[in-house]
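Participant: Data: data.txt, compact mmCIF, C-alpha atoms and all ligand atoms.
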```
# COMPACT_ATOMS: atom_id res chain seq x y z
CA MET A 1 0.00 0.00 0.00
CA SER A 2 2.95 2.31 -0.54
CA LEU A 3 2.34 5.68 -2.13
CA ARG A 4 4.73 8.60 -2.42
CA PHE A 5 5.10 11.71 -4.51
CA ARG A 6 7.53 14.45 -5.31
CA VAL A 7 6.90 17.80 -6.93
CA LEU A 8 9.21 18.23 -9.94
CA GLY A 9 8.22 21.85 -10.52
CA SER A 10 5.57 24.26 -9.26
CA GLY A 11 4.32 27.72 -10.17
CA SER A 12 3.98 29.75 -13.34
CA THR A 13 7.29 28.41 -14.72
CA GLY A 14 5.94 24.88 -14.89
CA ASN A 15 4.05 22.30 -12.86
CA ALA A 16 4.61 18.56 -12.64
CA THR A 17 4.31 16.04 -9.81
CA LEU A 18 5.56 12.45 -9.92
CA VAL A 19 3.47 9.92 -7.98
CA GLU A 20 4.71 6.39 -7.38
CA GLY A 21 3.24 3.29 -5.79
CA GLU A 22 3.56 -0.50 -6.25
CA GLY A 23 5.91 -0.03 -9.20
CA VAL A 24 3.52 2.34 -10.99
CA ARG A 25 4.56 5.87 -11.89
CA ILE A 26 2.31 8.67 -13.05
CA LEU A 27 2.81 12.35 -13.69
CA LEU A 28 0.20 14.86 -12.58
CA ASP A 29 0.72 17.62 -15.16
CA ALA A 30 3.63 18.09 -17.54
CA GLY A 31 4.12 21.84 -17.54
CA LEU A 32 7.89 21.77 -17.92
CA GLY A 33 9.45 21.55 -21.36
CA PRO A 34 9.83 17.91 -22.49
CA ARG A 35 13.62 17.93 -22.18
CA GLU A 36 13.54 19.61 -18.78
CA LEU A 37 10.92 17.15 -17.59
CA ALA A 38 13.00 14.17 -18.75
CA GLU A 39 16.14 15.62 -17.14
CA ARG A 40 14.42 16.19 -13.81
CA LEU A 41 13.20 12.58 -13.84
CA GLN A 42 16.61 11.23 -14.78
CA SER A 43 18.26 13.32 -12.08
CA ILE A 44 16.30 11.33 -9.49
CA GLY A 45 16.99 8.00 -11.16
CA VAL A 46 13.66 7.68 -12.98
CA ASP A 47 13.67 6.55 -16.61
CA PRO A 48 11.14 8.79 -18.45
CA ALA A 49 9.97 5.75 -20.42
CA SER A 50 8.98 4.08 -17.14
CA VAL A 51 6.23 6.64 -16.54
CA ASP A 52 2.92 4.85 -17.05
CA ALA A 53 0.63 7.84 -17.71
CA ILE A 54 0.42 11.63 -17.67
CA PHE A 55 -2.72 13.08 -16.08
CA LEU A 56 -3.37 16.67 -17.15
CA SER A 57 -5.29 18.99 -14.84
CA HIS A 58 -6.01 21.50 -17.63
CA GLU A 59 -4.65 22.95 -20.83
CA HIS A 60 -2.81 26.03 -19.54
CA GLN A 61 0.81 26.04 -20.66
CA ASP A 62 2.31 25.91 -17.18
CA HIS A 63 0.56 22.53 -16.74
CA SER A 64 0.65 21.03 -20.24
CA LYS A 65 3.63 22.47 -22.12
CA GLY A 66 5.69 19.29 -22.26
CA ALA A 67 2.86 16.75 -22.43
CA ALA A 68 2.55 16.09 -26.18
CA SER A 69 6.28 15.93 -26.92
CA PHE A 70 6.97 13.83 -23.82
CA SER A 71 4.13 11.46 -24.74
CA ARG A 72 5.44 11.07 -28.26
CA LYS A 73 9.11 10.64 -27.34
CA TRP A 74 8.69 8.26 -24.42
CA GLY A 75 5.49 6.47 -25.46
CA VAL A 76 3.45 7.64 -22.48
CA ARG A 77 -0.34 7.99 -22.78
CA ILE A 78 -2.09 11.17 -21.65
CA CYS A 79 -5.26 11.18 -19.59
CA GLY A 80 -7.57 14.09 -18.83
CA SER A 81 -10.95 15.63 -19.49
CA ARG A 82 -12.62 15.94 -22.89
CA GLY A 83 -12.29 19.70 -22.52
CA THR A 84 -8.54 19.52 -21.98
CA TYR A 85 -8.16 17.32 -25.05
CA ALA A 86 -10.14 19.72 -27.24
CA ALA A 87 -8.46 22.85 -25.88
CA MET A 88 -4.96 21.46 -26.46
CA GLY A 89 -5.69 20.64 -30.08
CA LEU A 90 -4.04 17.28 -29.55
CA GLY A 91 -5.83 15.75 -32.52
CA ALA A 92 -3.32 17.43 -34.79
CA GLU A 93 -0.32 16.02 -32.94
CA THR A 94 0.97 12.50 -32.72
CA ILE A 95 0.89 11.34 -29.14
CA ALA A 96 1.03 7.88 -27.61
CA GLY A 97 -2.70 8.09 -26.88
CA TYR A 98 -5.33 10.00 -24.91
CA ASP A 99 -7.71 8.46 -22.40
CA VAL A 100 -10.73 10.50 -21.37
CA LEU A 101 -11.24 10.78 -17.63
CA GLU A 102 -14.91 11.40 -16.90
CA PRO A 103 -15.76 13.80 -14.06
CA GLY A 104 -15.65 12.01 -10.71
CA ALA A 105 -14.83 8.65 -12.29
CA GLY A 106 -11.79 6.63 -11.29
CA ARG A 107 -9.18 5.32 -13.69
CA ALA A 108 -6.87 2.48 -12.71
CA VAL A 109 -3.20 2.54 -13.64
CA GLY A 110 -1.84 -0.70 -12.21
CA ALA A 111 -2.44 -0.60 -8.47
CA LEU A 112 -3.16 3.14 -8.46
CA THR A 113 -6.58 4.69 -8.98
CA VAL A 114 -6.85 8.29 -10.16
CA ARG A 115 -10.05 10.28 -9.89
CA GLY A 116 -10.63 13.64 -11.63
CA ILE A 117 -12.61 16.12 -9.54
CA PRO A 118 -14.02 19.11 -11.49
CA ILE A 119 -12.76 22.41 -10.09
CA PRO A 120 -13.61 26.04 -10.89
CA HIS A 121 -10.91 27.58 -13.11
CA ASP A 122 -10.95 29.50 -16.38
CA ALA A 123 -10.04 26.45 -18.45
CA ALA A 124 -11.95 23.96 -20.60
CA GLY A 125 -12.44 21.07 -18.15
CA PRO A 126 -10.07 21.45 -15.22
CA TYR A 127 -9.57 18.71 -12.65
CA ALA A 128 -8.08 18.20 -9.23
CA PHE A 129 -6.85 14.65 -8.71
CA VAL A 130 -7.25 12.08 -5.98
CA VAL A 131 -4.69 9.29 -6.29
CA ALA A 132 -5.22 6.19 -4.16
CA ASN A 133 -3.29 3.01 -3.54
CA GLY A 134 -5.27 0.85 -1.16
CA GLY A 135 -5.64 2.90 1.99
CA ALA A 136 -3.13 5.63 1.08
CA THR A 137 -4.65 8.65 -0.65
CA LEU A 138 -3.22 11.88 -2.08
CA GLY A 139 -5.29 14.92 -3.03
CA HIS A 140 -3.70 17.27 -5.59
CA ALA A 141 -5.30 20.57 -6.62
CA THR A 142 -3.75 23.62 -8.27
CA ASP A 143 -5.39 26.39 -10.26
CA PHE A 144 -8.88 26.83 -8.85
CA GLY A 145 -10.81 29.89 -7.72
CA HIS A 146 -12.57 28.47 -4.68
CA PHE A 147 -13.16 25.18 -2.85
CA PRO A 148 -16.36 23.57 -4.20
CA THR A 149 -18.22 21.04 -2.06
CA ALA A 150 -17.23 18.18 -4.38
CA LEU A 151 -13.54 18.98 -3.81
CA LEU A 152 -13.98 19.19 -0.04
CA ASP A 153 -15.77 15.83 -0.08
CA ALA A 154 -13.16 14.18 -2.30
CA PHE A 155 -10.25 15.44 -0.20
CA ARG A 156 -11.77 14.56 3.19
CA GLU A 157 -10.26 11.04 3.15
CA CYS A 158 -6.85 12.13 1.87
CA ASP A 159 -3.78 11.35 3.97
CA ALA A 160 -1.78 14.00 2.12
CA VAL A 161 -3.09 17.13 0.42
CA LEU A 162 -1.28 19.39 -2.04
CA VAL A 163 -3.13 22.65 -2.73
CA GLU A 164 -2.15 25.88 -4.30
CA SER A 165 -1.70 28.90 -2.05
CA ASN A 166 -1.33 31.30 -4.91
CA HIS A 167 -1.35 34.84 -3.64
CA ASP A 168 -1.89 37.35 -0.92
CA PRO A 169 -4.79 39.54 -2.10
CA ASP A 170 -3.19 42.75 -0.77
CA LEU A 171 0.10 42.07 -2.55
CA LEU A 172 -1.84 41.23 -5.70
CA ARG A 173 -3.94 44.41 -5.57
CA ARG A 174 -0.80 46.52 -5.09
CA SER A 175 1.15 44.75 -7.84
CA ALA A 176 1.83 46.07 -11.33
CA TYR A 177 -0.43 43.41 -12.89
CA PRO A 178 -3.08 44.87 -15.24
CA TRP A 179 -6.48 45.17 -13.57
CA SER A 180 -8.04 42.59 -15.90
CA LEU A 181 -5.50 40.00 -14.78
CA LYS A 182 -5.99 40.88 -11.11
CA GLU A 183 -9.74 40.41 -11.56
CA ARG A 184 -9.19 37.04 -13.21
CA ILE A 185 -6.89 35.76 -10.45
CA LEU A 186 -9.14 37.04 -7.65
CA GLY A 187 -12.33 35.75 -9.31
CA PRO A 188 -14.21 32.52 -8.46
CA ARG A 189 -12.55 30.74 -11.41
CA GLY A 190 -9.04 32.10 -10.81
CA HIS A 191 -6.64 31.07 -8.07
CA VAL A 192 -7.05 30.59 -4.31
CA SER A 193 -5.29 32.90 -1.87
CA ASN A 194 -3.44 32.15 1.36
CA ALA A 195 -6.56 33.20 3.28
CA GLU A 196 -8.82 30.87 1.29
CA VAL A 197 -6.46 27.98 2.04
CA ALA A 198 -6.55 28.98 5.72
CA ARG A 199 -10.37 28.83 5.68
CA TYR A 200 -10.17 25.39 4.07
CA LEU A 201 -7.73 24.20 6.73
CA ALA A 202 -9.95 25.60 9.47
CA ARG A 203 -13.15 23.99 8.25
CA GLY A 204 -12.58 21.47 5.45
CA LEU A 205 -9.36 19.55 6.01
CA GLY A 206 -10.09 15.90 6.78
CA ASP A 207 -9.15 14.38 10.12
CA VAL A 208 -6.85 11.79 8.54
CA CYS A 209 -4.61 14.32 6.76
CA ARG A 210 -1.06 14.40 8.14
CA THR A 211 0.78 16.08 5.27
CA LEU A 212 0.06 19.41 3.62
CA VAL A 213 2.02 20.87 0.71
CA LEU A 214 1.41 24.42 -0.43
CA ALA A 215 2.10 24.85 -4.15
CA HIS A 216 1.83 27.20 -7.13
CA LEU A 217 2.83 30.29 -5.12
CA SER A 218 3.01 33.48 -7.14
CA GLN A 219 6.56 34.81 -7.23
CA THR A 220 5.19 38.35 -7.50
CA ASN A 221 2.17 38.33 -5.25
CA ASN A 222 3.12 36.03 -2.39
CA HIS A 223 5.96 35.19 -0.01
CA PRO A 224 6.65 31.59 1.07
CA GLU A 225 6.92 32.70 4.71
CA LEU A 226 3.53 34.40 4.53
CA ALA A 227 1.79 31.41 2.93
CA GLU A 228 3.35 29.03 5.41
CA ALA A 229 2.59 31.17 8.46
CA THR A 230 -1.04 31.63 7.40
CA ALA A 231 -1.52 27.88 6.97
CA VAL A 232 0.30 26.92 10.17
CA ASP A 233 -1.70 29.45 12.16
CA ALA A 234 -5.00 28.09 10.80
CA LEU A 235 -3.97 24.54 11.71
CA ARG A 236 -2.80 25.56 15.18
CA ARG A 237 -6.10 27.31 15.91
CA ARG A 238 -7.84 24.03 15.10
CA GLY A 239 -5.42 22.01 17.22
CA ARG A 240 -4.06 20.24 14.16
CA THR A 241 -0.39 20.53 15.03
CA GLU A 242 0.25 16.97 13.84
CA VAL A 243 -0.04 18.08 10.22
CA ALA A 244 3.39 18.59 8.60
CA VAL A 245 3.36 21.67 6.40
CA SER A 246 5.75 22.23 3.52
CA ILE A 247 5.98 24.59 0.60
CA THR A 248 7.23 23.89 -2.87
CA ASN A 249 8.72 26.39 -5.28
CA ALA A 250 9.81 26.03 -8.90
CA ASP A 251 12.51 23.50 -7.95
CA GLY A 252 10.07 21.00 -6.44
CA THR A 253 10.47 18.76 -3.39
CA GLY A 254 12.06 15.53 -2.29
CA TRP A 255 9.99 12.36 -1.91
CA ILE A 256 7.01 12.69 0.41
CA ALA A 257 5.40 9.52 1.77
CA VAL A 258 1.60 9.31 1.86
CA GLY A 259 -0.26 7.65 4.69
CA GLN A 260 2.75 6.77 6.79
CA PRO A 261 3.89 8.49 9.95
CA PRO A 262 7.24 10.26 9.54
CA PRO A 263 10.16 8.26 10.97
CA ALA A 264 11.45 9.29 14.38
CA GLY A 265 13.54 12.42 14.20
CA GLN A 266 11.98 13.45 10.89
CA PRO A 267 9.68 16.41 10.37
CA GLY A 268 6.04 16.02 11.35
CA GLY A 269 4.45 16.03 14.76
CA GLY A 270 3.70 19.71 14.48
CA LYS A 271 7.04 20.72 13.05
CA GLN A 272 7.21 22.55 9.80
CA LEU A 273 8.98 20.94 6.94
CA ARG A 274 10.84 23.03 4.44
CA LEU A 275 11.61 21.18 1.28
CA PHE A 276 13.34 23.71 -0.90
ZN ZN B 301 -1.10 27.16 -13.27
ZN ZN B 302 -4.47 27.53 -15.02
```
As structure tokens, how would this structure be written, given the file I've shared?
Ligand SMILES: [Zn+2]
Ligand SMILES: [Zn+2]
Facilitator:
Amino acid sequence: MSLRFRVLGSGSTGNATLVEGEGVRILLDAGLGPRELAERLQSIGVDPASVDAIFLSHEHQDHSKGAASFSRKWGVRICGSRGTYAAMGLGAETIAGYDVLEPGAGRAVGALTVRGIPIPHDAAGPYAFVVANGGATLGHATDFGHFPTALLDAFRECDAVLVESNHDPDLLRRSAYPWSLKERILGPRGHVSNAEVARYLARGLGDVCRTLVLAHLSQTNNHPELAEATAVDALRRRGRTEVAVSITNADGTGWIAVGQPPPAGQPGGGKQLRLF
């Protein structure tokens, strides 16, 4: 029932997360260039051709940029919503194959099951993912404007949760971004803020969750310390000091185990875990 993951890249420069369990490897998003993606895998001893499937959350470049070329070069099938397929124009490109993931339905890849949960974002058919291997479950959601009930329900049983903590609204309002872009990010189909994540942690985080990763932080409109402090404070107020909190930046993380207590002397047990 082993399950572990590591973020290979996060944020506007490119998102990809490798998930591994029972000899099965999947990528959640492929937003790095195909060569960069292959190099990051090889640098951790993973043969790109050994990846069993790429699951795409949505068509935006920072999540999909390397998908088609990687699929073609390494013979890896892509899986995602019908909307993502149409929006990427994949029909015109040669890829190893595309499997449609219906909303809420599970897809088995070896021992792993991946479920696509519809989330509110200005894309064609965006998904959060729940990856399960037996009793170990990971929830993975970036690029969404608010927490819908279906996402809260799907994540309630997750042992580890990765969510975006994109911006601080005050920093965003004061930034040099054009107003139209600020409106898009702040809107209900944009990105969630540190405060929205804090509200989720205060009210929605499931009792079984022991690992929280904050991802997709804006380099312009957020500070890692601010995102981390906001989340830790929300957890502390709820008495959830057993949840290990970490933040990923563009360089990703090390391996993070899902559903297993951290070994003695390792982060966890209320300590914060800094992985970059
Ligand atoms: Zn994004
Ligand atoms: Zn997006």
Participant: Show me which residues sit within 7 Å of ligand ZN 302 (chain B) when counting all atoms listed in the file, and put them as a ChimeraX atom specification.
Facilitator: /A:58,60,121-123,143
Participant: Name the residues, by chain letter and number, that sit within 9 Å of ligand ZN 301 (chain B) using only C-alpha atoms and all ligand atoms, and give them as a list of chain:residue names.
Facilitator: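 Checking only C-alpha atoms and all ligand atoms against ligand ZN 301 (chain B) at 9 Å gives A:Ser10, A:Gly11, A:Ser12, A:Thr13, A:Gly14, A:Asn15, A:Gly31, A:His58, A:His60, A:Gln61, A:Asp62, A:His63, A:Thr142, A:Asp143, A:Phe144, A:His191, A:His216.
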Participant: Between A:Glu242, A:Glu102, A:Glu39, A:Glu59, which is the closest to Thr211 in chain A once you count only C-alpha atoms?
Facilitator: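 Counting only C-alpha atoms, the residue closest to Thr211 in chain A is A:Glu242.
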Participant: Would you please work out which residue, of A:Ser193, A:Thr94, A:Gln260, A:Ser71, is nearest to Val51 in chain A when using all atoms listed in the file?
Facilitator: A:Ser71
Participant: Taking 6 positions as the minimum chain separation for residues in the same chain, which residues sit within 12 Å of Gly134 in chain A when counting all atoms listed in the file? Answer as an MDAnalysis selection string.
Facilitator: chainID A and resid 1:3 21:22 108 110:114 158:159 258:259
Participant: As number ranges by chain, please: the residues near range 116-118 of chain A (cut-off 9 Å, only C-alpha atoms, same-chain neighbours under 5 positions excluded).
Facilitator: A: 57, 80-81, 101-107, 125-130, 148, 150-151, 154
Participant: Measure the distance from CA of Leu8 in chain A to CA of Ser175 in chain A in Å and round it to one decimal.
Facilitator: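 Those two atoms sit 27.8 Å apart.
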Participant: For a quick check of understanding, using only C-alpha atoms, which of A:Gly66, A:Pro169, A:Pro178, A:Gly239 has the smallest distance to Ile54 in chain A?
Facilitator: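 That would be A:Gly66, the residue with the smallest distance to Ile54 in chain A.
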Participant: Calculated over all atoms listed in the file, which of the candidates A:Phe5, A:Ala250, A:Trp74, A:Thr220 has the smallest distance to Tyr177 in chain A?
Facilitator: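 Checking each of A:Phe5, A:Ala250, A:Trp74, A:Thr220 against Tyr177 in chain A, counting all atoms listed in the file, the winner is A:Thr220.
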Participant: Could you please determine the separation between CA of His223 in chain A and CA of Glu196 in chain A in Å, to one decimal place?
Facilitator: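 If I compute the distance from CA of His223 in chain A to CA of Glu196 in chain A, I get 15.5 Å.
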Participant: In Å, with one decimal, what is the gap from CA of Thr149 in chain A to CA of Leu214 in chain A?
Facilitator: 20.0 Å
Participant: Which is closest to Tyr85 in chain A among A:Thr137, A:Asn221, A:Ser180, A:Ser64, if we use all atoms listed in the file?
Facilitator: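 For Tyr85 in chain A, the nearest of the candidates is A:Ser64.
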Participant: Fewer than 5 positions away in the same chain doesn't count, so skip those; otherwise give me all residues within 6 Å of Ile78 in chain A, counting all atoms listed in the file, as a PDB file with C-alpha atoms, keeping the file's coordinate frame.
Facilitator:
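Generated file (selection12.pdb):
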```pdb
ATOM      1  CA  ALA A  53       0.630   7.840 -17.710  1.00  0.00           C
ATOM      2  CA  ILE A  54       0.420  11.630 -17.670  1.00  0.00           C
ATOM      3  CA  PHE A  55      -2.720  13.080 -16.080  1.00  0.00           C
ATOM      4  CA  TYR A  98      -5.330  10.000 -24.910  1.00  0.00           C
TER       5      TYR A  98
END
```
Participant: For range 202-210 of chain A, list every protein, DNA or RNA residue within 8 Å, evaluated using all atoms listed in the file, and leave out those in the same chain fewer than 2 positions away; present the list as a VMD selection string.
Facilitator: chain A and resid 152 155 to 161 198 to 200 212 234 to 235 237 to 238 242 to 244 259 261 268
Participant: Please save C-alpha atoms of the selected residues as a CSV table (one decimal), in the coordinates of the input.
Facilitator:
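Output file again.csv is given in full below:
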```csv
chain,number,residue,atom,x,y,z
A,152,LEU,CA,-14.0,19.2,0.0
A,155,PHE,CA,-10.2,15.4,-0.2
A,156,ARG,CA,-11.8,14.6,3.2
A,157,GLU,CA,-10.3,11.0,3.2
A,158,CYS,CA,-6.8,12.1,1.9
A,159,ASP,CA,-3.8,11.4,4.0
A,160,ALA,CA,-1.8,14.0,2.1
A,161,VAL,CA,-3.1,17.1,0.4
A,198,ALA,CA,-6.6,29.0,5.7
A,199,ARG,CA,-10.4,28.8,5.7
A,200,TYR,CA,-10.2,25.4,4.1
A,212,LEU,CA,0.1,19.4,3.6
A,234,ALA,CA,-5.0,28.1,10.8
A,235,LEU,CA,-4.0,24.5,11.7
A,237,ARG,CA,-6.1,27.3,15.9
A,238,ARG,CA,-7.8,24.0,15.1
A,242,GLU,CA,0.2,17.0,13.8
A,243,VAL,CA,0.0,18.1,10.2
A,244,ALA,CA,3.4,18.6,8.6
A,259,GLY,CA,-0.3,7.6,4.7
A,261,PRO,CA,3.9,8.5,10.0
A,268,GLY,CA,6.0,16.0,11.4
```
Participant: Grab all the atoms of range 195-213 of chain A that the file lists, wrap them in a box along x, y and z, add 5 Å per side, and give me centre plus edge lengths in Å (one decimal) as lines of an AutoDock Vina configuration file.
Facilitator:
```
center_x = -5.6
center_y = 22.5
center_z = 5.4
size_x = 25.2
size_y = 31.4
size_z = 19.4
```
Participant: Out of A:Ala231, A:Cys79, A:Ala68, A:Ile119, which residue has the shortest atom-to-atom distance to Gly91 in chain A when counting all atoms listed in the file?
Facilitator: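 Nearest to Gly91 in chain A: A:Ala68.
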Participant: Identify the residues around (1.9, 26.5, -4.6) within a radius of 6 Å, measuring from all atoms listed in the file in the coordinates stated by the file, and give them as a list in words.
Facilitator: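 Every polymer residue passing the test: Glu164, Ser165, Asn166, Leu214, Ala215, His216 and Leu217 of chain A.
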